[in-house]
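**Q** Dropping in query_12.txt, with compact mmCIF, C-alpha atoms.
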# COMPACT_ATOMS: atom_id res chain seq x y z
CA MET H 845 -5.17 305.46 71.95
CA THR H 846 -8.50 307.13 71.24
CA GLU H 847 -10.84 307.00 74.22
CA LYS H 848 -14.21 307.20 72.50
CA PRO H 849 -15.20 304.22 70.33
CA GLU H 850 -16.64 306.53 67.68
CA ASP H 851 -13.31 308.33 67.41
CA MET H 852 -11.29 305.15 66.88
CA THR H 853 -9.00 304.87 63.91
CA CYS H 854 -9.30 301.83 61.67
CA GLN H 855 -6.07 300.50 63.13
CA GLU H 856 -7.40 300.78 66.66
CA PHE H 857 -10.70 299.16 65.74
CA GLN H 858 -9.07 296.33 63.84
CA SER H 859 -6.65 295.65 66.67
CA GLN H 860 -9.69 294.95 68.86
CA MET H 861 -11.67 292.96 66.31
CA ALA H 862 -10.62 289.51 67.51
CA GLU H 863 -11.88 290.20 71.00
CA LEU H 864 -14.99 292.03 69.80
CA ILE H 865 -16.00 289.23 67.45
CA GLY H 866 -15.08 286.52 69.94
CA SER H 867 -17.17 288.16 72.65
CA GLY H 868 -20.31 287.16 70.81
CA GLU H 869 -21.65 290.70 70.92
CA ASP H 870 -23.14 292.40 67.89
CA VAL H 871 -20.02 293.98 66.42
CA SER H 872 -21.96 295.57 63.59
CA SER H 873 -23.40 298.10 66.02
CA HIS H 874 -19.95 299.32 67.04
CA PRO H 875 -19.76 303.13 66.67
CA HIS H 876 -16.68 302.97 64.46
CA LEU H 877 -18.57 300.94 61.88
CA GLN H 878 -21.29 303.56 61.58
CA THR H 879 -18.83 305.82 59.81
CA CYS H 880 -16.26 303.45 58.29
CA ALA H 881 -17.22 301.58 55.13
CA ARG H 882 -13.82 299.90 54.93
CA CYS H 883 -14.09 298.24 58.33
CA ARG H 884 -17.73 297.35 57.65
CA ALA H 885 -16.57 295.55 54.50
CA LEU H 886 -13.84 293.78 56.45
CA LEU H 887 -16.31 292.59 59.06
CA ALA H 888 -18.73 291.46 56.34
CA ASP H 889 -15.97 289.46 54.66
CA LEU H 890 -14.96 287.76 57.89
CA GLU H 891 -18.58 286.89 58.62
CA THR H 892 -18.97 285.53 55.09
CA ILE H 893 -15.91 283.31 55.57
CA ALA H 894 -17.18 282.00 58.90
CA GLU H 895 -20.60 281.30 57.42
CA ALA H 896 -19.11 279.53 54.39
CA ALA H 897 -16.96 277.41 56.70
CA ARG H 898 -19.99 276.35 58.72
CA GLN H 899 -21.56 275.06 55.53
CA LEU H 900 -18.60 273.03 54.34
CA LEU H 901 -19.55 269.39 54.05
CA PRO H 902 -17.28 266.44 54.74
CA ILE H 903 -14.75 265.87 51.99
CA GLU H 904 -14.64 262.66 50.00
CA PRO H 905 -14.61 259.39 51.94
CA PRO H 906 -11.34 257.62 52.69
CA LYS H 907 -10.02 254.94 50.35
CA GLU H 908 -12.00 251.72 50.27
CA ASP H 909 -9.14 249.64 51.66
CA LEU H 910 -8.96 251.65 54.87
CA TRP H 911 -11.63 249.47 56.45
CA GLU H 912 -9.56 246.38 55.63
CA ARG H 913 -6.61 247.94 57.43
CA ILE H 914 -8.74 248.77 60.44
CA GLU H 915 -10.36 245.34 60.50
CA SER H 916 -6.98 243.70 60.30
CA ALA H 917 -5.61 245.84 63.14
CA ILE H 918 -8.64 245.03 65.28
CA LYS H 919 -8.21 241.31 64.72
CA GLU H 920 -4.53 241.59 65.56
CA GLU H 921 -5.32 243.40 68.80
CA GLU H 922 -7.94 240.84 69.73
CA SER H 923 -5.71 237.85 69.09
CA SER H 924 -2.91 239.55 70.97
CA ALA H 925 -5.25 240.11 73.92
CA ARG H 926 -6.30 236.45 73.85
CA ARG H 927 -2.68 235.29 74.00
CA LYS H 928 -2.08 237.29 77.20
CA MET P 1485 -18.88 273.08 78.11
CA PRO P 1486 -15.59 272.86 80.01
CA ARG P 1487 -13.64 269.68 79.77
CA SER P 1488 -12.70 267.53 82.70
CA SER P 1489 -9.24 267.93 84.13
CA SER P 1490 -7.83 265.03 82.16
CA PRO P 1491 -4.29 265.46 80.85
CA LYS P 1492 -4.10 267.43 77.64
CA TYR P 1493 -3.45 265.69 74.38
CA THR P 1494 -4.21 262.28 75.76
CA VAL P 1495 -6.72 260.09 74.05
CA ASP P 1496 -8.94 259.70 77.04
CA ALA P 1497 -12.56 258.77 76.89
CA PRO P 1498 -14.12 261.86 75.38
CA THR P 1499 -15.94 264.17 77.71
CA LEU P 1500 -19.25 265.66 76.86
CA VAL P 1501 -18.58 268.49 74.49
CA THR P 1502 -21.27 269.92 72.35
CA ALA P 1503 -19.98 270.59 68.87
CA PRO P 1504 -22.83 272.09 66.88
CA GLY P 1505 -21.14 271.10 63.66
CA ALA P 1506 -20.88 267.56 64.85
CA GLU P 1507 -24.53 267.46 65.78
CA THR P 1508 -25.62 268.89 62.46
CA ALA P 1509 -23.48 266.54 60.48
CA ALA P 1510 -24.55 263.66 62.63
CA LEU P 1511 -27.97 263.87 61.10
CA ALA P 1512 -26.65 263.38 57.63
CA GLN P 1513 -23.59 261.36 58.67
CA ASP P 1514 -22.36 259.43 55.68
CA SER P 1515 -25.74 258.49 54.42
CA PRO P 1516 -26.62 258.84 50.74
CA PRO P 1517 -28.53 261.93 49.57
CA ALA P 1518 -31.81 260.05 49.56
CA ALA P 1519 -31.47 259.49 53.29
CA GLN P 1520 -30.99 263.10 54.38
CA ALA P 1521 -33.91 262.92 56.80
CA PRO P 1522 -32.83 262.08 60.34
CA ALA P 1523 -32.01 258.40 60.56
CA ALA P 1524 -34.26 256.24 62.64
CA PRO P 1525 -32.80 256.63 66.13
CA SER P 1526 -33.83 253.15 67.16
CA ALA P 1527 -31.94 251.56 64.25
CA ASP P 1528 -28.80 253.58 65.05
CA ALA P 1529 -29.15 252.78 68.73
CA GLU P 1530 -29.44 249.09 67.93
CA ILE P 1531 -26.31 249.16 65.80
CA LEU P 1532 -24.48 250.94 68.58
CA THR P 1533 -25.68 248.50 71.21
CA LEU P 1534 -24.60 245.55 69.08
CA ALA P 1535 -21.20 247.13 68.43
CA GLN P 1536 -20.76 247.72 72.15
CA ALA P 1537 -21.48 244.05 72.70
CA GLY P 1538 -18.65 243.14 70.32
CA ASP P 1539 -20.59 242.54 67.10
CA HIS P 1540 -18.07 243.05 64.28
CA GLN P 1541 -20.74 243.58 61.65
CA ALA P 1542 -22.32 246.34 63.71
CA PHE P 1543 -18.92 247.96 64.21
CA ALA P 1544 -18.37 247.86 60.46
CA GLN P 1545 -21.70 249.62 60.05
CA LEU P 1546 -20.62 252.30 62.51
CA TYR P 1547 -17.47 252.78 60.48
CA SER P 1548 -19.48 253.09 57.31
CA MET P 1549 -21.79 255.65 58.89
CA HIS P 1550 -19.05 257.87 60.32
CA LYS P 1551 -15.97 257.32 58.15
CA ARG P 1552 -16.49 260.28 55.87
CA ARG P 1553 -16.91 262.78 58.64
CA ILE P 1554 -14.02 261.47 60.73
CA TYR P 1555 -11.70 261.28 57.73
CA SER P 1556 -12.64 264.82 56.70
CA LEU P 1557 -11.91 266.10 60.18
CA CYS P 1558 -8.50 264.41 60.15
CA LEU P 1559 -7.67 265.56 56.64
CA ARG P 1560 -8.63 269.16 57.30
CA MET P 1561 -6.64 269.23 60.51
CA VAL P 1562 -3.42 267.74 59.14
CA ASN P 1563 -3.71 268.50 55.40
CA ASN P 1564 -2.05 265.25 54.40
CA VAL P 1565 -3.91 262.28 52.91
CA ALA P 1566 -1.64 259.54 54.24
CA GLU P 1567 -1.61 261.02 57.74
CA ALA P 1568 -5.37 261.52 57.63
CA GLU P 1569 -5.88 257.86 56.73
CA ASP P 1570 -3.58 256.74 59.54
CA LEU P 1571 -5.39 259.00 61.98
CA THR P 1572 -8.80 257.79 60.84
CA GLN P 1573 -7.58 254.25 61.39
CA GLU P 1574 -6.28 255.15 64.84
CA ALA P 1575 -9.56 256.90 65.72
CA PHE P 1576 -11.60 253.83 64.85
CA LEU P 1577 -9.18 251.56 66.67
CA GLN P 1578 -9.56 253.78 69.73
CA LEU P 1579 -13.30 253.61 69.21
CA HIS P 1580 -13.18 249.83 69.16
CA ARG P 1581 -11.24 249.78 72.42
CA LYS P 1582 -13.44 252.32 74.16
CA ILE P 1583 -16.89 251.84 72.70
CA SER P 1584 -18.08 249.90 75.71
CA THR P 1585 -17.42 252.98 77.86
CA PHE P 1586 -19.87 255.11 75.89
CA ARG P 1587 -22.80 255.73 78.22
CA GLY P 1588 -25.03 257.77 75.98
CA ASP P 1589 -24.70 260.98 77.97
CA SER P 1590 -24.09 262.82 74.69
CA ALA P 1591 -24.80 261.98 71.07
CA PHE P 1592 -22.59 259.15 69.91
CA SER P 1593 -21.39 261.20 66.94
CA THR P 1594 -20.31 264.00 69.30
CA TRP P 1595 -18.45 261.53 71.48
CA LEU P 1596 -16.75 259.88 68.51
CA HIS P 1597 -15.91 263.26 67.04
CA ARG P 1598 -14.19 264.36 70.21
CA LEU P 1599 -12.30 261.09 70.37
CA ALA P 1600 -11.03 261.71 66.83
CA VAL P 1601 -10.03 265.29 67.68
CA ASN P 1602 -8.03 263.94 70.62
CA VAL P 1603 -6.31 261.42 68.35
CA VAL P 1604 -5.30 264.16 65.92
CA LEU P 1605 -4.14 266.51 68.66
CA MET P 1606 -1.99 263.79 70.20
CA HIS P 1607 -0.48 263.13 66.79
CA LEU P 1608 0.23 266.82 66.24
CA ARG P 1609 1.78 267.07 69.66
CA LYS P 1610 4.09 264.18 68.85
CA LYS P 1611 5.05 266.03 65.70
CA GLY P 1612 5.95 269.03 67.78
CA LEU P 1613 2.97 271.30 67.32
CA SER P 1614 2.63 272.62 70.82
CA LEU P 1615 1.06 275.75 72.18
CA THR P 1616 4.48 277.34 71.82
CA SER P 1617 4.40 276.73 68.12
CA LEU P 1618 0.85 278.01 67.98
CA ASP P 1619 1.92 281.20 69.70
CA GLU P 1620 5.29 281.77 68.12
CA ALA P 1621 6.20 279.60 65.19
CA MET P 1622 2.86 280.19 63.56
CA GLU P 1623 2.92 283.88 64.28
CA PRO P 1624 3.32 285.51 60.90
CA THR P 1625 5.91 288.13 60.32
CA HIS P 1626 4.84 291.58 59.23
CA ASP P 1627 5.73 290.68 55.69
CA GLU P 1628 3.59 287.61 55.44
CA GLY P 1629 0.92 288.29 58.03
CA PRO P 1630 -2.77 288.53 57.32
CA GLY P 1631 -3.53 291.75 55.56
CA ARG P 1632 -5.09 294.57 57.47
CA SER P 1633 -7.42 296.92 55.79
CA PHE P 1634 -6.17 300.40 56.52
CA GLY P 1635 -5.58 301.48 52.95
CA ALA P 1636 -7.83 302.01 49.98
CA PRO P 1637 -11.15 300.14 49.82
CA ASP P 1638 -10.54 296.49 49.02
CA LEU P 1639 -12.20 294.00 46.80
CA SER P 1640 -15.01 292.62 48.88
CA LEU P 1641 -15.93 288.97 48.93
CA THR P 1642 -19.49 290.18 48.29
CA GLY P 1643 -21.20 287.54 50.31
CA SER P 1644 -20.32 284.50 48.24
CA ILE P 1645 -17.37 282.16 48.50
CA ASP P 1646 -16.61 279.27 46.23
CA ARG P 1647 -16.47 276.11 48.33
CA LEU P 1648 -13.42 274.70 46.56
CA ALA P 1649 -11.58 278.00 46.83
CA LEU P 1650 -12.28 278.03 50.56
CA GLU P 1651 -11.14 274.41 50.95
CA ARG P 1652 -7.90 275.27 49.13
CA ALA P 1653 -7.33 278.37 51.21
CA VAL P 1654 -7.92 276.46 54.45
CA ALA P 1655 -5.49 273.75 53.32
CA ASP P 1656 -2.87 276.43 52.67
CA LEU P 1657 -3.18 278.00 56.12
CA PRO P 1658 -0.22 277.60 58.47
CA ALA P 1659 -0.83 274.59 60.73
CA GLY P 1660 -1.66 276.54 63.87
CA TYR P 1661 -4.19 278.78 62.16
CA ARG P 1662 -5.72 275.85 60.31
CA LEU P 1663 -6.18 273.89 63.52
CA ILE P 1664 -8.12 276.65 65.26
CA PHE P 1665 -10.13 277.54 62.16
CA VAL P 1666 -11.15 273.93 61.52
CA LEU P 1667 -12.09 273.33 65.14
CA HIS P 1668 -14.07 276.57 65.53
CA ASP P 1669 -15.53 277.58 62.20
CA ILE P 1670 -15.92 274.21 60.50
CA GLU P 1671 -16.43 271.81 63.37
CA GLY P 1672 -18.28 274.18 65.64
CA TYR P 1673 -16.29 274.00 68.86
CA GLU P 1674 -16.45 277.02 71.16
CA HIS P 1675 -13.38 279.01 72.17
CA ASN P 1676 -13.49 277.69 75.73
CA GLU P 1677 -13.54 274.13 74.42
CA ILE P 1678 -10.65 274.80 72.05
CA ALA P 1679 -8.67 276.52 74.79
CA SER P 1680 -9.16 273.47 76.95
CA MET P 1681 -8.22 271.04 74.18
CA LEU P 1682 -5.10 272.97 73.21
CA ASP P 1683 -4.25 274.08 76.73
CA CYS P 1684 -4.15 277.72 75.68
CA SER P 1685 -6.06 280.80 76.75
CA ILE P 1686 -9.47 281.68 75.35
CA GLY P 1687 -8.00 284.98 74.21
CA ASN P 1688 -5.32 283.14 72.30
CA SER P 1689 -7.93 280.99 70.60
CA LYS P 1690 -9.90 284.09 69.58
CA SER P 1691 -6.79 285.84 68.35
CA GLN P 1692 -5.58 282.87 66.29
CA LEU P 1693 -9.02 282.41 64.76
CA HIS P 1694 -9.19 286.05 63.78
CA LYS P 1695 -5.76 285.88 62.16
CA ALA P 1696 -6.77 282.72 60.34
CA ARG P 1697 -9.88 284.43 58.94
CA LEU P 1698 -7.83 287.45 57.88
CA LYS P 1699 -5.39 285.19 56.10
CA LEU P 1700 -8.22 283.34 54.40
CA ARG P 1701 -9.69 286.66 53.31
CA ASP P 1702 -6.40 287.60 51.70
CA ALA P 1703 -6.19 284.26 49.93
CA LEU P 1704 -9.78 284.38 48.72
CA ARG P 1705 -9.49 287.95 47.45
CA THR P 1706 -6.34 286.99 45.58
CA SER P 1707 -8.26 284.10 44.09
CA HIS P 1708 -11.12 286.45 43.13
CA ARG P 1709 -8.68 288.85 41.49
CA LYS P 1710 -7.08 286.07 39.47
CA GLU P 1711 -10.47 284.91 38.29
CA GLY P 1712 -11.35 288.48 37.37
CA LEU P 1713 -8.26 288.72 35.17
CA ARG P 1714 -9.21 285.67 33.12
Please lay out the structure from this file as structure tokens.

**A**
Amino acid sequence: MTEKPEDMTCQEFQSQMAELIGSGEDVSSHPHLQTCARCRALLADLETIAEAARQLLPIEPPKEDLWERIESAIKEEESSARRK
Amino acid sequence: MPRSSSPKYTVDAPTLVTAPGAETAALAQDSPPAAQAPAAPSADAEILTLAQAGDHQAFAQLYSMHKRRIYSLCLRMVNNVAEAEDLTQEAFLQLHRKISTFRGDSAFSTWLHRLAVNVVLMHLRKKGLSLTSLDEAMEPTHDEGPGRSFGAPDLSLTGSIDRLALERAVADLPAGYRLIFVLHDIEGYEHNEIASMLDCSIGNSKSQLHKARLKLRDALRTSHRKEGLR
């Protein structure tokens, strides 16, 4: 394994990416990225995916009859509790 | 924020976990576009208070306000409409049973959100998705694993991702990857919170998330290429 960060191969850098990104530090300033366009592009893509995910809105609402099911189950629970 | 030491995968009263995504969405909740401004807190608080006192109409209003978000969470986590409906139902039934225990120490939407996550996790556990399956069964082989980027320069996503393409790619993720990705990147939970919820290490959560993103990148680039060929 290469000792100096700037001498890392892409494979070495990418094997550490999960921890680097998860650490919350600014990965873009990593020495390997100063000289490697491929890994910079990879990081940019992963950041784009994470950003797009943050902006996803809730999907469509559930079917209309779901509330009827829930209401019915609540009533059943309540009447069951009263019988006890 | 670390969870309490309650048993994992049990639907206990939710602890106070800050989920930025939950907070953000709580503002919009399921309100129509015209009501995107923060809802009047006093009106929401009154509905909540009434629901806690057993008012069925108020509980129905709570359902109406939160159904979309809770259903979306369930659907994204399990990727099955019927299961997502059942889990949404179970989450609101749990809410009905436990609503009187809500003390207002966190936002109600955050509390409800965590309750729903617990419902889904318990369901997944019953189905056999344990940490073991997260670690091993979901571990891709070399043939099918997320693509690395050691070779020639790849097609970049160039800073824009189609929402539907992303939704499709997330739905196609293996269950373990999807779970971590939804909880972290979509719902906004932190790695320490996810590790606590799933009873796994923080490092494992980071690793699974990274693999999920790599797999999504592969799927999205494939989608881009196909569009480019049309």

**Q** Pick out the closest residue to Ile1686 (chain P) from this set: H:Arg882, H:Ala862, H:Arg898, H:Trp911. Count only C-alpha atoms.

**A**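 Closest residue, counting only C-alpha atoms: H:Ala862.
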
**Q** So which one's closest to chain P, H:Val871, H:Ala896, H:Leu877, H:Met852? Using all atoms listed in the file, please.

**A**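 Of H:Val871, H:Ala896, H:Leu877, H:Met852, the one nearest chain P is H:Ala896, counting all atoms listed in the file.
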
**Q** Can you list every residue of chain H that has an atom at most 9 Å from chain P, with its nearest atom pair and the distance in Å to one decimal, using only C-alpha atoms, ordered by chain then number, as a tab-separated table?

**A**
residue	atom	partner	partner_atom	distance
H:Cys854	CA	P:Phe1634	CA	6.2
H:Gln855	CA	P:Phe1634	CA	6.6
H:Gln858	CA	P:Arg1632	CA	7.7
H:Met861	CA	P:His1694	CA	7.8
H:Ala862	CA	P:His1694	CA	5.3
H:Glu863	CA	P:Lys1690	CA	6.6
H:Ile865	CA	P:Lys1690	CA	8.3
H:Gly866	CA	P:Lys1690	CA	5.7
H:Ser867	CA	P:Lys1690	CA	8.9
H:Ala881	CA	P:Pro1637	CA	8.2
H:Arg882	CA	P:Pro1637	CA	5.8
H:Cys883	CA	P:Ser1633	CA	7.3
H:Ala885	CA	P:Ser1640	CA	6.5
H:Leu886	CA	P:Ser1633	CA	7.2
H:Ala888	CA	P:Gly1643	CA	7.6
H:Asp889	CA	P:Leu1641	CA	5.8
H:Leu890	CA	P:Arg1697	CA	6.2
H:Glu891	CA	P:Gly1643	CA	8.7
H:Thr892	CA	P:Gly1643	CA	5.6
H:Ile893	CA	P:Arg1697	CA	7.0
H:Ala894	CA	P:Asp1669	CA	5.8
H:Glu895	CA	P:Asp1669	CA	7.9
H:Ala896	CA	P:Ile1645	CA	6.7
H:Ala897	CA	P:Ile1670	CA	5.1
H:Arg898	CA	P:Ile1670	CA	4.9
H:Gln899	CA	P:Ile1670	CA	7.6
H:Leu900	CA	P:Ile1670	CA	6.8
H:Leu901	CA	P:Ala1509	CA	8.1
H:Pro902	CA	P:Ser1556	CA	5.3
H:Ile903	CA	P:Ser1556	CA	5.3
H:Glu904	CA	P:Arg1552	CA	6.6
H:Pro905	CA	P:Arg1552	CA	4.4
H:Pro906	CA	P:Tyr1555	CA	6.2
H:Lys907	CA	P:Glu1569	CA	8.1
H:Leu910	CA	P:Gln1573	CA	7.2
H:Trp911	CA	P:Tyr1547	CA	7.8
H:Arg913	CA	P:Gln1573	CA	7.5
H:Ile914	CA	P:Gln1573	CA	5.7
H:Glu915	CA	P:Ala1544	CA	8.4
H:Ala917	CA	P:Leu1577	CA	7.6
H:Ile918	CA	P:Leu1577	CA	6.7

**Q** Between CA of Ala1542 (chain P) and CA of Ala1527 (chain P), what is the distance, to one decimal in Å?

**A** 11.0 Å

**Q** Have a look at CA of Asn1676 (chain P) and CA of Trp1595 (chain P) and let me know their distance in Å, one decimal.

**A** 17.4 Å

**Q** Please compute the CA of Met1561 (chain P)-CA of Arg1662 (chain P) distance, one decimal, in Å.

**A** 6.7 Å

**Q** Which one is closest to Asp870 (chain H): H:Glu856, H:Glu912, H:Leu887, H:Lys919? Count all atoms listed in the file.

**A**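 Using all atoms listed in the file, the shortest distance to Asp870 (chain H) belongs to H:Leu887.
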